[in-house]
Amino acid sequence: LKASGTESGIVMGVACRLAPIKGILYLIRALALLREQFPTIRLEIAGSGPERSALESEIELFSLRDSVRFLGWQTDIHRVMARWDIFVQPSLEEGFGIATLEAMAVGLPVVATAVGGLPEVVENGRTGLLVPPSDPVALTQHLRTMLLNRDLRLAMGAAGRVRAREHFSTERMVKAISRMYD
């Protein structure tokens with residue numbers, strides 16, 4: 001986890017396919033609201049997909065061009081996540097949430113929507129914060145909480161790393177699948 005001492009220069013990140021179902025539009029709207037209070041905040045979007053041009057239009061609409069960076073598809077997402085302070089998963093629907101689990105494994109606190117498997121992965125209030133889907137205001141409020149509290153970010157990141165290792169390690173998941181087949 002980056003050792004940013006204050007909310008200035010904080011980098012939020014999201015890693016997913018750029019498709020409407022991933023809710024990135026709501027994250028961009030939340031960023032527009034946050035920029036008033038946190039003018040140096042940045043968002044990095046790792047992934048590719050059909051919604052990129054729509055997202056770029058939204059970024060232009062809110063004058064966020066200097067705050068958002070598209071990274072494209074990344075083969076080494078852990079290296080990218082190492083420069084992030086907060087992982088955001090604003091999906092409208094989500095299966096298991098592998099990218100969220102990867103973010104937790106590298107010690108990132110998470111703000112995610114309470115959809116699909118995300119509430120199973122993210123322990124609300126301990127490893128991250130869960131928000132309702134399609135709600136940029138709630139997303140803004142929870143991100144603001146993270147931005148204002150470095151100790152909370154560090155504690156949630158550390159708890160997430162432990163949770164990912166203890167509950168979702170590859171070895172543990174293989175054993176669970178083997179038990180189901182037996």
# chains A, B, ... in the order shown; residues from 1 in each chain; ligands from 1
>>> residues_around(residues="segment 158-164 of chain A", least_positions_apart="2", cutoff="6 Å", atoms="only C-alpha atoms", output="JSON, numbers by chain")
{"A": [104, 105, 107, 127, 155, 156, 166, 167, 168]}
>>> write_last_selection(atoms="N, CA, C and O atoms", output="short mmCIF file (atom, residue, chain, number, x, y, z; two decimals), in the first residue's frame")
data_model
loop_
_atom_site.label_atom_id
_atom_site.label_comp_id
_atom_site.auth_asym_id
_atom_site.auth_seq_id
_atom_site.Cartn_x
_atom_site.Cartn_y
_atom_site.Cartn_z
N MET A 104 -7.38 -6.90 -2.68
CA MET A 104 -7.26 -7.18 -1.25
C MET A 104 -5.96 -7.93 -0.95
O MET A 104 -5.29 -7.65 0.04
N ALA A 105 -5.59 -8.86 -1.81
CA ALA A 105 -4.38 -9.65 -1.61
C ALA A 105 -3.12 -8.79 -1.61
O ALA A 105 -2.14 -9.13 -0.95
N GLY A 107 -3.18 -5.74 -0.44
CA GLY A 107 -3.31 -4.83 0.68
C GLY A 107 -4.07 -3.55 0.40
O GLY A 107 -3.91 -2.57 1.14
N THR A 127 -12.69 -4.90 5.77
CA THR A 127 -11.73 -4.95 4.66
C THR A 127 -12.07 -3.92 3.59
O THR A 127 -11.31 -3.73 2.65
N ALA A 155 -5.66 0.09 7.76
CA ALA A 155 -6.22 -1.03 8.54
C ALA A 155 -7.06 -1.94 7.65
O ALA A 155 -6.96 -3.18 7.73
N MET A 156 -7.89 -1.36 6.79
CA MET A 156 -8.71 -2.18 5.90
C MET A 156 -7.85 -2.92 4.88
O MET A 156 -8.14 -4.07 4.54
N GLU A 166 -6.31 -16.04 4.02
CA GLU A 166 -6.90 -17.08 4.86
C GLU A 166 -8.16 -17.72 4.27
O GLU A 166 -8.42 -18.89 4.52
N HIS A 167 -8.94 -16.96 3.53
CA HIS A 167 -10.23 -17.48 3.06
C HIS A 167 -10.29 -17.78 1.57
O HIS A 167 -11.16 -18.52 1.13
N PHE A 168 -9.40 -17.18 0.80
CA PHE A 168 -9.52 -17.32 -0.65
C PHE A 168 -8.23 -17.71 -1.35
O PHE A 168 -8.07 -17.46 -2.53
#
>>> residues_around(residues="Ala99 of chain A", least_positions_apart="2", cutoff="10 Å", atoms="only C-alpha atoms", output="PyMOL selection string")
chain A and resi 14-16+77-78+87-89+96-97+101-105
>>> residues_around(residues="Asp66 of chain A", least_positions_apart="5", cutoff="10 Å", atoms="only C-alpha atoms", output="mmCIF file with all heavy atoms, in the first residue's frame")
data_model
loop_
_atom_site.group_PDB
_atom_site.id
_atom_site.type_symbol
_atom_site.label_atom_id
_atom_site.label_comp_id
_atom_site.auth_asym_id
_atom_site.auth_seq_id
_atom_site.Cartn_x
_atom_site.Cartn_y
_atom_site.Cartn_z
ATOM 1 N N THR A 40 -6.633 17.031 -6.142
ATOM 2 C CA THR A 40 -5.500 16.287 -6.689
ATOM 3 C C THR A 40 -5.755 14.783 -6.803
ATOM 4 O O THR A 40 -4.866 14.034 -7.203
ATOM 5 C CB THR A 40 -4.233 16.510 -5.829
ATOM 6 O OG1 THR A 40 -4.502 16.056 -4.503
ATOM 7 C CG2 THR A 40 -3.834 17.969 -5.823
ATOM 8 N N ILE A 41 -6.948 14.344 -6.478
ATOM 9 C CA ILE A 41 -7.269 12.925 -6.571
ATOM 10 C C ILE A 41 -7.211 12.460 -8.025
ATOM 11 O O ILE A 41 -7.534 13.224 -8.937
ATOM 12 C CB ILE A 41 -8.655 12.630 -5.956
ATOM 13 C CG1 ILE A 41 -8.850 11.146 -5.808
ATOM 14 C CG2 ILE A 41 -9.761 13.249 -6.763
ATOM 15 C CD1 ILE A 41 -10.083 10.793 -5.002
ATOM 16 N N ARG A 42 -6.786 11.203 -8.208
ATOM 17 C CA ARG A 42 -6.709 10.656 -9.559
ATOM 18 C C ARG A 42 -7.380 9.283 -9.613
ATOM 19 O O ARG A 42 -7.453 8.581 -8.610
ATOM 20 C CB ARG A 42 -5.246 10.536 -10.000
ATOM 21 C CG ARG A 42 -4.587 11.893 -10.143
ATOM 22 C CD ARG A 42 -3.190 11.863 -10.756
ATOM 23 N NE ARG A 42 -2.358 10.721 -10.486
ATOM 24 C CZ ARG A 42 -1.573 10.549 -9.417
ATOM 25 N NH1 ARG A 42 -1.535 11.464 -8.490
ATOM 26 N NH2 ARG A 42 -0.829 9.464 -9.281
ATOM 27 N N LEU A 43 -7.817 8.924 -10.799
ATOM 28 C CA LEU A 43 -8.429 7.626 -11.042
ATOM 29 C C LEU A 43 -7.698 6.958 -12.188
ATOM 30 O O LEU A 43 -7.500 7.574 -13.237
ATOM 31 C CB LEU A 43 -9.915 7.788 -11.390
ATOM 32 C CG LEU A 43 -10.646 6.536 -11.892
ATOM 33 C CD1 LEU A 43 -10.688 5.444 -10.808
ATOM 34 C CD2 LEU A 43 -12.052 6.889 -12.357
ATOM 35 N N ILE A 59 -16.035 11.741 -18.990
ATOM 36 C CA ILE A 59 -14.862 12.416 -18.418
ATOM 37 C C ILE A 59 -14.756 13.835 -18.966
ATOM 38 O O ILE A 59 -14.497 14.781 -18.222
ATOM 39 C CB ILE A 59 -13.589 11.588 -18.703
ATOM 40 C CG1 ILE A 59 -13.608 10.320 -17.843
ATOM 41 C CG2 ILE A 59 -12.323 12.393 -18.471
ATOM 42 C CD1 ILE A 59 -12.647 9.242 -18.290
ATOM 43 N N GLU A 60 -14.977 13.995 -20.247
ATOM 44 C CA GLU A 60 -14.969 15.332 -20.864
ATOM 45 C C GLU A 60 -16.099 16.190 -20.309
ATOM 46 O O GLU A 60 -15.899 17.370 -20.009
ATOM 47 C CB GLU A 60 -15.098 15.218 -22.390
ATOM 48 C CG GLU A 60 -13.864 14.702 -23.072
ATOM 49 C CD GLU A 60 -12.655 15.616 -22.905
ATOM 50 O OE1 GLU A 60 -12.802 16.855 -22.952
ATOM 51 O OE2 GLU A 60 -11.552 15.075 -22.690
#
>>> closest_atom_pairs(of="segment 41-132 of chain A", to="segment 139-149 of chain A", cutoff="7 Å", atoms="only C-alpha atoms", output="tab-separated table")
residue	atom	partner	partner_atom	distance
A:Val111	CA	A:Leu143	CA	6.9
A:Leu129	CA	A:His142	CA	6.7
A:Val131	CA	A:Leu139	CA	6.2
>>> select_by_dssp(residues="segment 23-174 of chain A", states="strand (DSSP E)", output="PyMOL selection string")
chain A and resi 42-46+68-72+86-89+110-113+128-131
>>> residues_around(residues="segment 27-35 of chain A", least_positions_apart="3", cutoff="6 Å", atoms="only C-alpha atoms", output="JSON list (two decimals) with all heavy atoms, in the first residue's frame")
[["chain", "number", "residue", "atom", "x", "y", "z"],
["A", 24, "ILE", "N", -18.63, 1.80, -14.19],
["A", 24, "ILE", "CA", -17.56, 2.80, -14.13],
["A", 24, "ILE", "C", -18.11, 4.21, -14.34],
["A", 24, "ILE", "O", -17.58, 5.18, -13.80],
["A", 24, "ILE", "CB", -16.45, 2.48, -15.14],
["A", 24, "ILE", "CG1", -15.85, 1.12, -14.82],
["A", 24, "ILE", "CG2", -15.34, 3.54, -15.10],
["A", 24, "ILE", "CD1", -14.90, 0.60, -15.87],
["A", 38, "PHE", "N", -11.26, 17.30, -3.10],
["A", 38, "PHE", "CA", -9.94, 16.68, -3.27],
["A", 38, "PHE", "C", -9.44, 16.93, -4.70],
["A", 38, "PHE", "O", -9.49, 16.04, -5.54],
["A", 38, "PHE", "CB", -10.02, 15.17, -3.01],
["A", 38, "PHE", "CG", -10.67, 14.82, -1.71],
["A", 38, "PHE", "CD1", -11.99, 14.39, -1.66],
["A", 38, "PHE", "CD2", -9.97, 14.91, -0.51],
["A", 38, "PHE", "CE1", -12.61, 14.05, -0.47],
["A", 38, "PHE", "CE2", -10.58, 14.58, 0.70],
["A", 38, "PHE", "CZ", -11.89, 14.16, 0.72],
["A", 39, "PRO", "N", -8.96, 18.13, -4.99],
["A", 39, "PRO", "CA", -8.62, 18.48, -6.37],
["A", 39, "PRO", "C", -7.47, 17.67, -6.97],
["A", 39, "PRO", "O", -7.35, 17.61, -8.20],
["A", 39, "PRO", "CB", -8.26, 19.96, -6.29],
["A", 39, "PRO", "CG", -8.01, 20.24, -4.85],
["A", 39, "PRO", "CD", -8.78, 19.24, -4.06],
["A", 136, "PRO", "N", -24.13, 7.04, -7.36],
["A", 136, "PRO", "CA", -22.88, 7.81, -7.27],
["A", 136, "PRO", "C", -22.77, 8.63, -5.99],
["A", 136, "PRO", "O", -21.66, 8.89, -5.53],
["A", 136, "PRO", "CB", -22.90, 8.70, -8.51],
["A", 136, "PRO", "CG", -24.31, 8.74, -8.96],
["A", 136, "PRO", "CD", -24.96, 7.47, -8.49],
["A", 140, "THR", "N", -19.70, 8.25, -3.55],
["A", 140, "THR", "CA", -18.94, 9.44, -3.18],
["A", 140, "THR", "C", -18.74, 9.50, -1.66],
["A", 140, "THR", "O", -17.63, 9.75, -1.18],
["A", 140, "THR", "CB", -19.66, 10.73, -3.66],
["A", 140, "THR", "OG1", -19.79, 10.67, -5.07],
["A", 140, "THR", "CG2", -18.91, 11.97, -3.27]]
>>> closest_residue(among="A:Ala46, A:Leu18, A:Leu108, A:Ile98", to="Leu152 of chain A", atoms="only C-alpha atoms")
A:Leu108
